[in-house]
>>> print(open('data-v1.txt').read())   # compact mmCIF, C-alpha atoms
# COMPACT_ATOMS: atom_id res chain seq x y z
CA MET L 1 -35.61 108.68 157.92
CA ARG L 2 -35.97 104.93 157.48
CA LYS L 3 -38.35 104.89 160.41
CA ILE L 4 -40.64 107.41 158.72
CA LEU L 5 -40.68 105.38 155.52
CA ARG L 6 -41.52 102.23 157.45
CA VAL L 7 -44.46 103.97 159.20
CA ALA L 8 -45.73 105.44 155.94
CA LEU L 9 -45.44 102.10 154.19
CA ALA L 10 -47.46 100.32 156.90
CA LEU L 11 -50.23 102.91 156.78
CA THR L 12 -50.34 102.90 152.98
CA VAL L 13 -50.53 99.13 152.71
CA VAL L 14 -53.31 98.86 155.28
CA CYS L 15 -55.33 101.66 153.70
CA VAL L 16 -54.96 100.31 150.17
CA VAL L 17 -56.10 96.85 151.21
CA ALA L 18 -59.04 98.35 153.14
CA ALA L 19 -60.07 100.54 150.21
CA LEU L 20 -59.86 97.63 147.78
CA SER L 21 -61.98 95.30 149.89
CA LEU L 22 -64.54 98.05 150.54
CA SER L 23 -64.91 98.81 146.86
CA VAL L 24 -65.54 95.12 146.15
CA VAL L 25 -68.31 94.98 148.78
CA TYR L 26 -69.74 98.28 147.53
CA VAL L 27 -69.97 97.06 143.94
CA VAL L 28 -71.54 93.76 145.03
CA THR L 29 -74.21 95.36 147.24
CA LYS L 30 -74.86 98.55 145.26
CA GLU L 31 -77.56 97.24 142.97
CA LYS L 32 -79.33 95.33 145.70
CA ILE L 33 -79.43 98.41 147.94
CA ALA L 34 -80.84 100.60 145.16
CA GLU L 35 -83.39 97.90 144.38
CA GLU L 36 -84.47 97.70 148.03
CA ALA L 37 -84.88 101.47 148.23
CA LYS L 38 -86.99 101.45 145.06
CA LYS L 39 -89.14 98.57 146.30
CA GLU L 40 -89.64 100.29 149.62
CA LEU L 41 -90.75 103.52 147.95
CA LYS L 42 -93.13 101.68 145.65
CA GLU L 43 -94.67 99.82 148.58
CA ALA L 44 -95.06 103.04 150.54
CA LEU L 45 -96.70 104.79 147.58
CA GLY L 46 -99.06 101.85 147.21
CA VAL L 47 -100.06 102.19 150.86
CA VAL L 48 -100.93 105.89 150.61
CA PHE L 49 -102.75 105.52 147.28
CA PRO L 50 -104.08 101.96 147.08
CA GLU L 51 -106.24 102.63 144.00
CA ALA L 52 -103.37 103.62 141.72
CA GLU L 53 -101.00 101.19 140.02
CA THR L 54 -98.37 103.49 138.56
CA PHE L 55 -96.60 106.45 140.06
CA THR L 56 -94.59 108.89 137.97
CA PRO L 57 -92.29 111.38 139.63
CA LEU L 58 -93.31 115.00 139.16
CA ASP L 59 -91.00 117.96 138.94
CA LEU L 60 -91.55 120.00 142.10
CA ALA L 61 -90.40 123.22 140.45
CA ALA L 62 -93.07 122.82 137.77
CA LEU L 63 -95.81 122.85 140.43
CA GLY L 64 -95.28 126.55 141.00
CA THR L 65 -94.30 128.21 144.22
CA LEU L 66 -94.74 125.84 147.13
CA PRO L 67 -95.24 127.24 150.61
CA GLU L 68 -91.84 126.47 152.09
CA SER L 69 -91.10 127.22 155.70
CA LYS L 70 -88.71 126.13 158.41
CA GLU L 71 -91.25 123.65 159.71
CA LEU L 72 -92.28 122.19 156.40
CA GLN L 73 -90.44 121.24 153.24
CA PHE L 74 -91.73 119.56 150.14
CA LEU L 75 -89.27 116.88 149.05
CA GLU L 76 -90.85 114.95 146.20
CA ALA L 77 -94.12 114.60 144.34
CA TYR L 78 -95.61 111.73 142.37
CA GLU L 79 -98.58 111.54 140.08
CA ALA L 80 -100.78 108.57 140.89
CA GLN L 81 -102.32 106.92 137.85
CA SER L 82 -104.79 104.13 137.40
CA GLY L 83 -105.54 102.70 133.96
CA GLY L 84 -103.44 105.46 132.38
CA GLU L 85 -105.56 108.18 133.94
CA ARG L 86 -104.50 110.68 136.54
CA ARG L 87 -106.20 109.97 139.84
CA GLY L 88 -104.25 112.10 142.25
CA VAL L 89 -100.90 113.10 143.67
CA VAL L 90 -98.62 111.90 146.41
CA PHE L 91 -96.36 114.38 148.18
CA LYS L 92 -93.31 113.53 150.20
CA VAL L 93 -92.90 116.20 152.85
CA ALA L 94 -90.71 116.80 155.86
CA SER L 95 -92.51 118.38 158.79
CA THR L 96 -90.66 119.31 161.96
CA GLY L 97 -91.81 117.33 164.97
CA TYR L 98 -90.42 117.05 168.46
CA GLY L 99 -87.16 115.24 167.74
CA GLY L 100 -86.51 116.42 164.20
CA PRO L 101 -88.14 116.25 160.79
CA ILE L 102 -90.92 113.71 160.30
CA VAL L 103 -90.75 112.59 156.68
CA LEU L 104 -94.10 111.38 155.42
CA LEU L 105 -96.04 110.60 152.28
CA VAL L 106 -99.44 112.20 151.81
CA GLY L 107 -101.72 110.81 149.10
CA VAL L 108 -104.48 113.02 147.70
CA ASP L 109 -107.32 112.05 145.39
CA THR L 110 -107.60 115.18 143.25
CA GLU L 111 -110.94 114.16 141.68
CA GLU L 112 -112.82 113.65 144.90
CA GLY L 113 -110.70 116.09 146.88
CA LYS L 114 -109.82 113.85 149.76
CA ILE L 115 -106.85 112.31 151.54
CA THR L 116 -106.24 108.74 150.43
CA GLY L 117 -103.52 107.80 152.84
CA LEU L 118 -100.56 108.75 154.98
CA LYS L 119 -97.34 106.97 155.78
CA VAL L 120 -94.48 108.07 157.98
CA LEU L 121 -91.16 107.14 156.38
CA GLU L 122 -88.66 108.53 158.86
CA HIS L 123 -88.85 110.17 162.24
CA GLN L 124 -86.85 110.70 165.42
CA GLU L 125 -89.76 111.14 167.81
CA THR L 126 -89.63 109.85 171.39
CA PRO L 127 -90.11 106.08 171.34
CA GLY L 128 -93.42 105.12 172.92
CA LEU L 129 -94.83 108.67 172.78
CA GLY L 130 -94.26 110.67 169.60
CA SER L 131 -93.38 107.52 167.68
CA ASN L 132 -97.07 106.57 167.87
CA VAL L 133 -97.89 109.13 165.18
CA ALA L 134 -96.49 106.57 162.74
CA GLU L 135 -99.11 104.03 163.87
CA ALA L 136 -102.33 103.33 162.02
CA SER L 137 -104.34 104.17 165.17
CA PHE L 138 -103.38 107.83 164.73
CA LEU L 139 -103.05 108.07 160.94
CA SER L 140 -106.38 106.37 160.16
CA GLN L 141 -108.31 109.46 161.29
CA PHE L 142 -106.95 111.32 158.23
CA LEU L 143 -108.20 108.72 155.75
CA GLY L 144 -110.91 109.97 153.42
CA LYS L 145 -110.92 113.44 154.96
CA SER L 146 -111.98 116.23 152.64
CA LEU L 147 -109.36 118.75 151.60
CA GLU L 148 -111.62 121.48 152.95
CA SER L 149 -111.11 120.25 156.53
CA PRO L 150 -109.07 122.48 158.83
CA PHE L 151 -106.59 119.68 159.79
CA ARG L 152 -106.07 121.24 163.17
CA VAL L 153 -105.14 119.29 166.27
CA GLY L 154 -107.86 119.67 168.90
CA GLU L 155 -110.43 120.60 166.27
CA ASP L 156 -110.86 117.79 163.78
CA ILE L 157 -107.69 115.83 164.58
CA GLN L 158 -107.20 114.05 167.84
CA ALA L 159 -103.58 114.16 169.04
CA VAL L 160 -101.69 111.16 170.35
CA SER L 161 -101.75 111.67 174.12
CA GLY L 162 -98.47 113.08 175.35
CA ALA L 163 -97.34 113.90 171.83
CA THR L 164 -99.09 117.08 170.74
CA ILE L 165 -96.07 118.47 168.90
CA SER L 166 -95.57 115.30 166.86
CA SER L 167 -99.29 115.12 166.09
CA ARG L 168 -99.33 118.77 165.01
CA ALA L 169 -96.44 118.13 162.63
CA VAL L 170 -98.44 115.46 160.79
CA ALA L 171 -101.58 117.60 160.72
CA ARG L 172 -99.58 120.57 159.42
CA ALA L 173 -98.22 118.47 156.55
CA CYS L 174 -101.77 117.48 155.55
CA ALA L 175 -103.06 121.03 155.82
CA LYS L 176 -100.32 122.38 153.54
CA VAL L 177 -100.74 119.59 151.00
CA ALA L 178 -104.49 120.22 150.98
CA GLU L 179 -103.86 123.94 150.48
CA ILE L 180 -101.67 123.29 147.44
CA VAL L 181 -104.06 120.88 145.80
CA ARG L 182 -107.01 123.23 146.41
CA GLY L 183 -105.02 126.09 144.91
CA GLU L 184 -104.14 124.01 141.88
CA LYS L 185 -107.77 123.15 141.20
CA ARG L 186 -108.95 126.73 141.19
CA MET M 187 -53.57 75.56 173.21
CA MET M 188 -57.17 74.40 173.35
CA ARG M 189 -57.33 75.04 177.07
CA GLU M 190 -55.98 78.53 176.58
CA PHE M 191 -58.59 79.12 173.87
CA TRP M 192 -61.42 78.24 176.26
CA TYR M 193 -59.84 80.22 179.06
CA HIS M 194 -59.86 83.41 176.97
CA PHE M 195 -63.28 82.69 175.53
CA ARG M 196 -64.84 82.25 178.97
CA ASN M 197 -63.11 85.39 180.23
CA GLY M 198 -65.43 87.62 178.18
CA LEU M 199 -68.58 85.81 179.22
CA LEU M 200 -68.46 86.48 182.97
CA GLY M 201 -65.16 87.41 184.63
CA GLU M 202 -64.48 90.31 182.27
CA ASN M 203 -67.87 90.74 180.64
CA PRO M 204 -67.56 93.94 178.56
CA VAL M 205 -70.89 95.42 179.65
CA LEU M 206 -71.24 94.26 183.25
CA LYS M 207 -67.59 94.14 184.36
CA LEU M 208 -65.52 96.39 182.08
CA MET M 209 -68.55 98.67 181.54
CA ILE M 210 -67.65 99.63 178.01
CA GLY M 211 -69.87 99.87 174.94
CA LEU M 212 -72.79 101.05 177.05
CA CYS M 213 -74.20 103.62 174.57
CA SER M 214 -75.21 101.00 172.07
CA VAL M 215 -76.66 98.83 174.83
CA LEU M 216 -78.87 101.68 176.03
CA ALA M 217 -79.98 102.69 172.57
CA VAL M 218 -80.61 99.41 170.80
CA SER M 219 -81.97 97.14 173.54
CA VAL M 220 -85.62 98.18 173.18
CA ARG M 221 -86.49 95.09 171.17
CA VAL M 222 -85.01 91.60 171.26
CA GLU M 223 -84.72 91.48 167.48
CA ASN M 224 -82.49 94.59 167.46
CA CYS M 225 -80.37 93.13 170.26
CA LEU M 226 -79.69 89.96 168.32
CA GLY M 227 -78.87 91.92 165.16
CA MET M 228 -76.58 94.30 167.02
CA GLY M 229 -74.94 91.37 168.82
CA ALA M 230 -74.29 89.55 165.55
CA ALA M 231 -72.84 92.71 164.00
CA VAL M 232 -70.55 93.30 166.99
CA ILE M 233 -69.41 89.65 167.07
CA PHE M 234 -68.60 89.80 163.35
CA VAL M 235 -66.72 93.10 163.47
CA LEU M 236 -64.92 92.24 166.70
CA THR M 237 -63.80 88.79 165.56
CA CYS M 238 -62.69 89.86 162.09
CA SER M 239 -60.81 92.92 163.26
CA SER M 240 -59.18 91.08 166.19
CA LEU M 241 -58.02 88.37 163.80
CA VAL M 242 -56.61 90.83 161.27
CA ILE M 243 -55.00 93.03 163.91
CA SER M 244 -53.38 90.01 165.52
CA LEU M 245 -52.09 88.79 162.14
CA ILE M 246 -50.49 92.13 161.27
CA ARG M 247 -49.31 92.93 164.82
CA ASN M 248 -45.62 92.53 163.98
CA PHE M 249 -45.90 94.59 160.81
CA VAL M 250 -47.65 97.56 162.45
CA PRO M 251 -45.27 100.24 163.79
CA ASN M 252 -46.10 101.30 167.31
CA GLU M 253 -46.50 105.01 166.37
CA VAL M 254 -49.40 104.47 163.98
CA ARG M 255 -51.07 101.47 165.58
CA ILE M 256 -54.24 103.35 166.58
CA PRO M 257 -54.96 104.77 163.07
CA ILE M 258 -54.35 101.33 161.60
CA PHE M 259 -56.70 99.66 164.10
CA ILE M 260 -59.36 102.21 163.24
CA VAL M 261 -58.96 101.61 159.50
CA VAL M 262 -59.33 97.85 160.03
CA ILE M 263 -62.34 98.21 162.34
CA SER M 264 -64.12 100.74 160.15
CA THR M 265 -63.58 98.58 157.06
CA PHE M 266 -65.38 95.66 158.67
CA THR M 267 -68.09 97.94 160.08
CA THR M 268 -68.78 99.43 156.66
CA ILE M 269 -68.97 95.92 155.18
CA VAL M 270 -71.58 94.96 157.81
CA ASP M 271 -73.49 98.18 157.17
CA LEU M 272 -73.63 97.67 153.39
CA VAL M 273 -74.50 93.98 153.60
CA MET M 274 -77.28 94.66 156.11
CA LYS M 275 -78.70 97.46 153.97
CA ALA M 276 -78.77 95.13 150.98
CA TYR M 277 -80.08 91.95 152.55
CA LEU M 278 -81.74 92.90 155.86
CA PRO M 279 -83.24 96.36 155.19
CA PRO M 280 -85.80 96.37 158.05
CA LEU M 281 -83.18 95.49 160.64
CA SER M 282 -80.72 98.00 159.24
CA LYS M 283 -83.42 100.67 159.48
CA ALA M 284 -84.25 99.80 163.09
CA MET M 285 -80.63 100.07 164.17
CA GLY M 286 -79.99 103.21 162.17
CA ILE M 287 -76.91 105.09 163.22
CA PHE M 288 -75.74 102.42 165.68
CA ILE M 289 -74.23 100.19 163.03
CA PRO M 290 -71.79 102.85 161.73
CA LEU M 291 -71.12 103.70 165.36
CA ILE M 292 -69.67 100.23 165.97
CA VAL M 293 -66.46 101.86 164.72
CA VAL M 294 -66.22 103.85 167.91
CA ASN M 295 -67.62 101.12 170.15
CA CYS M 296 -64.98 100.99 172.85
CA ILE M 297 -65.23 97.22 173.24
CA ILE M 298 -63.64 96.67 169.84
CA MET M 299 -60.95 99.32 170.22
CA ALA M 300 -60.17 98.15 173.75
CA ARG M 301 -59.79 94.51 172.76
CA ALA M 302 -57.64 95.46 169.77
CA GLU M 303 -55.32 97.55 171.92
CA ALA M 304 -55.26 95.39 175.05
CA PHE M 305 -55.40 91.92 173.59
CA ALA M 306 -55.35 91.33 169.84
CA SER M 307 -52.25 93.44 169.17
CA ARG M 308 -50.22 91.40 171.69
CA LYS M 309 -51.42 87.80 171.25
CA PRO M 310 -51.39 85.16 168.51
CA PRO M 311 -54.40 85.01 166.14
CA LEU M 312 -56.11 81.98 167.70
CA LEU M 313 -56.22 83.53 171.15
CA ALA M 314 -57.29 86.89 169.71
CA VAL M 315 -60.25 85.14 168.07
CA ALA M 316 -61.08 83.36 171.33
CA ASP M 317 -61.07 86.62 173.22
CA ALA M 318 -63.12 88.41 170.54
CA LEU M 319 -65.74 85.65 170.42
CA GLY M 320 -65.99 85.58 174.21
CA MET M 321 -66.36 89.36 174.43
CA GLY M 322 -68.84 89.41 171.55
CA VAL M 323 -70.98 86.64 172.96
CA GLY M 324 -70.79 88.22 176.43
CA TYR M 325 -71.99 91.52 174.95
CA THR M 326 -74.79 89.86 172.98
CA PHE M 327 -75.88 87.87 176.02
CA VAL M 328 -76.20 90.95 178.25
CA ILE M 329 -77.85 93.19 175.64
CA THR M 330 -80.39 90.45 174.85
CA ALA M 331 -81.10 89.87 178.54
CA ILE M 332 -81.86 93.59 178.82
CA GLY M 333 -83.87 93.56 175.60
CA VAL M 334 -86.11 90.69 176.73
CA VAL M 335 -87.17 92.56 179.87
CA ARG M 336 -87.57 95.93 178.10
CA GLU M 337 -89.64 94.55 175.24
CA LEU M 338 -91.75 92.39 177.55
CA PHE M 339 -92.69 95.19 179.96
CA GLY M 340 -92.41 98.09 177.54
CA TYR M 341 -94.51 96.69 174.71
CA GLY M 342 -95.91 93.46 176.22
CA GLU M 343 -94.30 91.55 173.36
CA ILE M 344 -91.35 89.27 172.70
CA LEU M 345 -89.80 89.33 169.21
CA SER M 346 -92.76 91.56 168.21
CA ARG M 347 -95.26 88.83 169.18
CA PRO M 348 -97.80 89.80 171.85
CA VAL M 349 -97.32 88.02 175.17
CA PHE M 350 -99.61 90.02 177.43
CA PRO M 351 -103.31 90.62 176.70
CA ARG M 352 -104.17 93.48 174.39
CA THR M 353 -105.24 95.71 177.27
CA TYR M 354 -101.64 95.89 178.54
CA GLN M 355 -100.58 99.53 178.49
CA GLY M 356 -96.80 99.21 178.41
CA MET M 357 -94.29 100.67 180.85
CA MET M 358 -92.95 103.90 179.42
CA ALA M 359 -89.85 103.78 181.63
CA MET M 360 -88.77 100.51 179.99
CA ILE M 361 -88.99 101.93 176.47
CA LEU M 362 -86.97 105.04 177.35
CA PRO M 363 -83.23 104.85 178.17
CA PRO M 364 -83.70 104.98 181.99
CA GLY M 365 -85.16 101.47 181.82
CA ALA M 366 -81.91 100.20 180.37
CA PHE M 367 -79.87 102.05 183.02
CA LEU M 368 -81.92 100.47 185.81
CA LEU M 369 -81.62 97.00 184.30
CA ILE M 370 -77.87 97.29 183.78
CA GLY M 371 -77.55 98.30 187.43
CA ILE M 372 -79.63 95.36 188.59
CA TYR M 373 -77.65 92.92 186.43
CA ILE M 374 -74.31 94.26 187.69
CA ALA M 375 -75.50 93.84 191.25
CA LEU M 376 -76.72 90.30 190.57
CA LEU M 377 -73.48 89.29 188.86
CA ASN M 378 -71.27 90.69 191.60
CA TRP M 379 -73.41 89.13 194.28
CA SER M 380 -73.37 85.70 192.69
CA LEU M 381 -69.62 85.86 191.96
CA ARG M 382 -68.95 86.73 195.58
CA LYS M 383 -71.17 83.88 196.72
CA VAL M 384 -69.31 81.41 194.53
CA LYS M 385 -65.99 82.60 195.98
CA SER M 386 -66.95 82.26 199.64
>>> encode(input="data-v1.txt", output="structure tokens")
Amino acid sequence: MRKILRVALALTVVCVVAALSLSVVYVVTKEKIAEEAKKELKEALGVVFPEAETFTPLDLAALGTLPESKELQFLEAYEAQSGGERRGVVFKVASTGYGGPIVLLVGVDTEEGKITGLKVLEHQETPGLGSNVAEASFLSQFLGKSLESPFRVGEDIQAVSGATISSRAVARACAKVAEIVRGEKR
Amino acid sequence: MMREFWYHFRNGLLGENPVLKLMIGLCSVLAVSVRVENCLGMGAAVIFVLTCSSLVISLIRNFVPNEVRIPIFIVVISTFTTIVDLVMKAYLPPLSKAMGIFIPLIVVNCIIMARAEAFASRKPPLLAVADALGMGVGYTFVITAIGVVRELFGYGEILSRPVFPRTYQGMMAMILPPGAFLLIGIYIALLNWSLRKVKS
């Protein structure tokens, strides 16, 4: 009986001390982590829509029925504004690639009907092959493309060599975003 | 005491190097050693977690009942790992992103568990720290040595700065895990060969 109490006491003491020290570190770093995440998002939004200064989050549900599928999910949307006027939208989408979902931002100029920029936020593609879809050398071919383009690999989009599936995932995300914006305009 | 300290510190560098001799903690070596920067970050994280947890485990070794020693070691190790994870996320976000899941996975890195069980829980704090520092530095040294070769031939860069001319294509095998396997094999062979030479 005494043995059991001794064991329980040791475990309790160690766990309480661990929990206390962790909560201190958590409180100290919490704000800084949230700040970093915010800064990172703002920077990324600036990259995909360089002409806008402010981005306001949009309610996805208010945009009507979005074409959801296993391969493509819409995560977030932002309205891009410049000088208080609406210039376009930025969508955060997850498109299934070779190693898992590729999360990317797609910026669309709704006035001129073209893609303003793309940025891959997260991916688990094969390093050295699929991971190249996050590079400017691949993404730059989408810049300024009209929303009427087919966005099809092999047609108007050139795939990264050895990474057709990853390239298709990015093209698919653009095609769906273009479809939504076109539908909204009509 | 000082001599003993150095003896245990040196032990982890060569004679019982965790990666090349004990062959533990290999997953993180394979996964993280693509770039030198990641290797140094991972090494620093492992040294920190290993040293802190060895020190604490050695300090509480007489208080910990034998039956629950493993759960207690894990609580101590995971506390320090979570601290590293949070601090890195707050102050070194790019590095923390590059290493992704491998920071939380330090908890199950066998080097730390093995040293806690085999050394820190039986020896006084000073020696436990010596052993932890030696093992940590030995780990960092090997992972960086692998990282230098992988980054140089895989990307043609060192610390993300180009070394080879722009036309360099990069060796795919070095970027993918097999490159790390091959290098670890070569290093083990070199170490064993040179140790044998020194002996004879």
>>> closest_residue(input="data-v1.txt", among="M:Arg352, M:Lys275, M:Arg247, M:Arg196", to="chain L", atoms="all atoms listed in the file")
M:Lys275
>>> residues_around(input="data-v1.txt", residues="Val47 in chain L", least_positions_apart="6", cutoff="8 Å", atoms="all atoms listed in the file", output="list in words")
Gly117, Leu118 and Lys119 of chain L
>>> interface_residues(input="data-v1.txt", of="chain M", to="chain L", cutoff="10 Å", atoms="all atoms listed in the file", output="PyMOL selection string")
chain M and resi 220+246+249-255+257-259+261-266+268-270+272-279+283+340-341+356-363
>>> write_last_selection(input="data-v1.txt", atoms="C-alpha atoms", output="PDB file, in the frame of the given file")
ATOM      1  CA  VAL M 220     -85.620  98.180 173.180  1.00  0.00           C
ATOM      2  CA  ILE M 246     -50.490  92.130 161.270  1.00  0.00           C
ATOM      3  CA  PHE M 249     -45.900  94.590 160.810  1.00  0.00           C
ATOM      4  CA  VAL M 250     -47.650  97.560 162.450  1.00  0.00           C
ATOM      5  CA  PRO M 251     -45.270 100.240 163.790  1.00  0.00           C
ATOM      6  CA  ASN M 252     -46.100 101.300 167.310  1.00  0.00           C
ATOM      7  CA  GLU M 253     -46.500 105.010 166.370  1.00  0.00           C
ATOM      8  CA  VAL M 254     -49.400 104.470 163.980  1.00  0.00           C
ATOM      9  CA  ARG M 255     -51.070 101.470 165.580  1.00  0.00           C
ATOM     10  CA  PRO M 257     -54.960 104.770 163.070  1.00  0.00           C
ATOM     11  CA  ILE M 258     -54.350 101.330 161.600  1.00  0.00           C
ATOM     12  CA  PHE M 259     -56.700  99.660 164.100  1.00  0.00           C
ATOM     13  CA  VAL M 261     -58.960 101.610 159.500  1.00  0.00           C
ATOM     14  CA  VAL M 262     -59.330  97.850 160.030  1.00  0.00           C
ATOM     15  CA  ILE M 263     -62.340  98.210 162.340  1.00  0.00           C
ATOM     16  CA  SER M 264     -64.120 100.740 160.150  1.00  0.00           C
ATOM     17  CA  THR M 265     -63.580  98.580 157.060  1.00  0.00           C
ATOM     18  CA  PHE M 266     -65.380  95.660 158.670  1.00  0.00           C
ATOM     19  CA  THR M 268     -68.780  99.430 156.660  1.00  0.00           C
ATOM     20  CA  ILE M 269     -68.970  95.920 155.180  1.00  0.00           C
ATOM     21  CA  VAL M 270     -71.580  94.960 157.810  1.00  0.00           C
ATOM     22  CA  LEU M 272     -73.630  97.670 153.390  1.00  0.00           C
ATOM     23  CA  VAL M 273     -74.500  93.980 153.600  1.00  0.00           C
ATOM     24  CA  MET M 274     -77.280  94.660 156.110  1.00  0.00           C
ATOM     25  CA  LYS M 275     -78.700  97.460 153.970  1.00  0.00           C
ATOM     26  CA  ALA M 276     -78.770  95.130 150.980  1.00  0.00           C
ATOM     27  CA  TYR M 277     -80.080  91.950 152.550  1.00  0.00           C
ATOM     28  CA  LEU M 278     -81.740  92.900 155.860  1.00  0.00           C
ATOM     29  CA  PRO M 279     -83.240  96.360 155.190  1.00  0.00           C
ATOM     30  CA  LYS M 283     -83.420 100.670 159.480  1.00  0.00           C
ATOM     31  CA  GLY M 340     -92.410  98.090 177.540  1.00  0.00           C
ATOM     32  CA  TYR M 341     -94.510  96.690 174.710  1.00  0.00           C
ATOM     33  CA  GLY M 356     -96.800  99.210 178.410  1.00  0.00           C
ATOM     34  CA  MET M 357     -94.290 100.670 180.850  1.00  0.00           C
ATOM     35  CA  MET M 358     -92.950 103.900 179.420  1.00  0.00           C
ATOM     36  CA  ALA M 359     -89.850 103.780 181.630  1.00  0.00           C
ATOM     37  CA  MET M 360     -88.770 100.510 179.990  1.00  0.00           C
ATOM     38  CA  ILE M 361     -88.990 101.930 176.470  1.00  0.00           C
ATOM     39  CA  LEU M 362     -86.970 105.040 177.350  1.00  0.00           C
ATOM     40  CA  PRO M 363     -83.230 104.850 178.170  1.00  0.00           C
TER      41      PRO M 363
END
>>> residues_near_point(input="data-v1.txt", point="(-87.2, 116.4, 149.9)", cutoff="9 Å", atoms="only C-alpha atoms", output="list of chain:residue names")
L:Gln73, L:Phe74, L:Leu75, L:Glu76, L:Lys92, L:Val93, L:Ala94, L:Val103
>>> write_last_selection(input="data-v1.txt", atoms="C-alpha atoms", output="PDB file, in the coordinates of the input")
ATOM      1  CA  GLN L  73     -90.440 121.240 153.240  1.00  0.00           C
ATOM      2  CA  PHE L  74     -91.730 119.560 150.140  1.00  0.00           C
ATOM      3  CA  LEU L  75     -89.270 116.880 149.050  1.00  0.00           C
ATOM      4  CA  GLU L  76     -90.850 114.950 146.200  1.00  0.00           C
ATOM      5  CA  LYS L  92     -93.310 113.530 150.200  1.00  0.00           C
ATOM      6  CA  VAL L  93     -92.900 116.200 152.850  1.00  0.00           C
ATOM      7  CA  ALA L  94     -90.710 116.800 155.860  1.00  0.00           C
ATOM      8  CA  VAL L 103     -90.750 112.590 156.680  1.00  0.00           C
TER       9      VAL L 103
END
>>> closest_residue(input="data-v1.txt", among="M:Gly286, M:Gly371, M:Gly320, M:Pro311", to="Val218 in chain M", atoms="all atoms listed in the file")
M:Gly286
>>> residues_near_point(input="data-v1.txt", point="(-93.3, 111.2, 165.4)", cutoff="6 Å", atoms="only C-alpha atoms", output="PDB file with C-alpha atoms, in the frame of the given file")
ATOM      1  CA  HIS L 123     -88.850 110.170 162.240  1.00  0.00           C
ATOM      2  CA  GLU L 125     -89.760 111.140 167.810  1.00  0.00           C
ATOM      3  CA  GLY L 130     -94.260 110.670 169.600  1.00  0.00           C
ATOM      4  CA  SER L 131     -93.380 107.520 167.680  1.00  0.00           C
ATOM      5  CA  VAL L 133     -97.890 109.130 165.180  1.00  0.00           C
ATOM      6  CA  SER L 166     -95.570 115.300 166.860  1.00  0.00           C
TER       7      SER L 166
END
>>> closest_residue(input="data-v1.txt", among="L:Leu147, L:Ile115, L:Ala163, L:Ile157", to="Asn132 in chain L", atoms="only C-alpha atoms")
L:Ala163
>>> decode(input="data-v1.txt", residues="range 85-114 of chain L", atoms="C-alpha atoms", output="mmCIF file, in the first residue's frame")
data_model
loop_
_atom_site.group_PDB
_atom_site.id
_atom_site.type_symbol
_atom_site.label_atom_id
_atom_site.label_comp_id
_atom_site.auth_asym_id
_atom_site.auth_seq_id
_atom_site.Cartn_x
_atom_site.Cartn_y
_atom_site.Cartn_z
ATOM 1 C CA GLU L 85 -12.067 49.872 -53.246
ATOM 2 C CA ARG L 86 -12.528 46.218 -53.985
ATOM 3 C CA ARG L 87 -9.932 45.014 -56.451
ATOM 4 C CA GLY L 88 -10.232 41.275 -56.220
ATOM 5 C CA VAL L 89 -10.275 38.186 -54.054
ATOM 6 C CA VAL L 90 -7.727 35.794 -52.658
ATOM 7 C CA PHE L 91 -8.708 32.185 -52.023
ATOM 8 C CA LYS L 92 -6.901 29.761 -49.793
ATOM 9 C CA VAL L 93 -7.455 26.288 -51.171
ATOM 10 C CA ALA L 94 -6.178 22.800 -50.478
ATOM 11 C CA SER L 95 -5.622 20.717 -53.593
ATOM 12 C CA THR L 96 -4.519 17.106 -53.359
ATOM 13 C CA GLY L 97 -1.090 16.522 -54.855
ATOM 14 C CA TYR L 98 1.194 13.526 -54.786
ATOM 15 C CA GLY L 99 2.115 13.471 -51.095
ATOM 16 C CA GLY L 100 -0.977 15.090 -49.611
ATOM 17 C CA PRO L 101 -2.841 18.371 -49.797
ATOM 18 C CA ILE L 102 -1.034 21.334 -51.318
ATOM 19 C CA VAL L 103 -2.322 24.440 -49.549
ATOM 20 C CA LEU L 104 -2.018 27.524 -51.701
ATOM 21 C CA LEU L 105 -3.235 31.077 -52.065
ATOM 22 C CA VAL L 106 -4.697 32.155 -55.394
ATOM 23 C CA GLY L 107 -5.155 35.872 -56.027
ATOM 24 C CA VAL L 108 -7.683 37.005 -58.639
ATOM 25 C CA ASP L 109 -8.220 40.479 -60.041
ATOM 26 C CA THR L 110 -12.002 40.509 -60.465
ATOM 27 C CA GLU L 111 -12.040 43.715 -62.557
ATOM 28 C CA GLU L 112 -9.640 42.546 -65.215
ATOM 29 C CA GLY L 113 -10.458 38.873 -64.770
ATOM 30 C CA LYS L 114 -6.958 37.576 -64.341
#
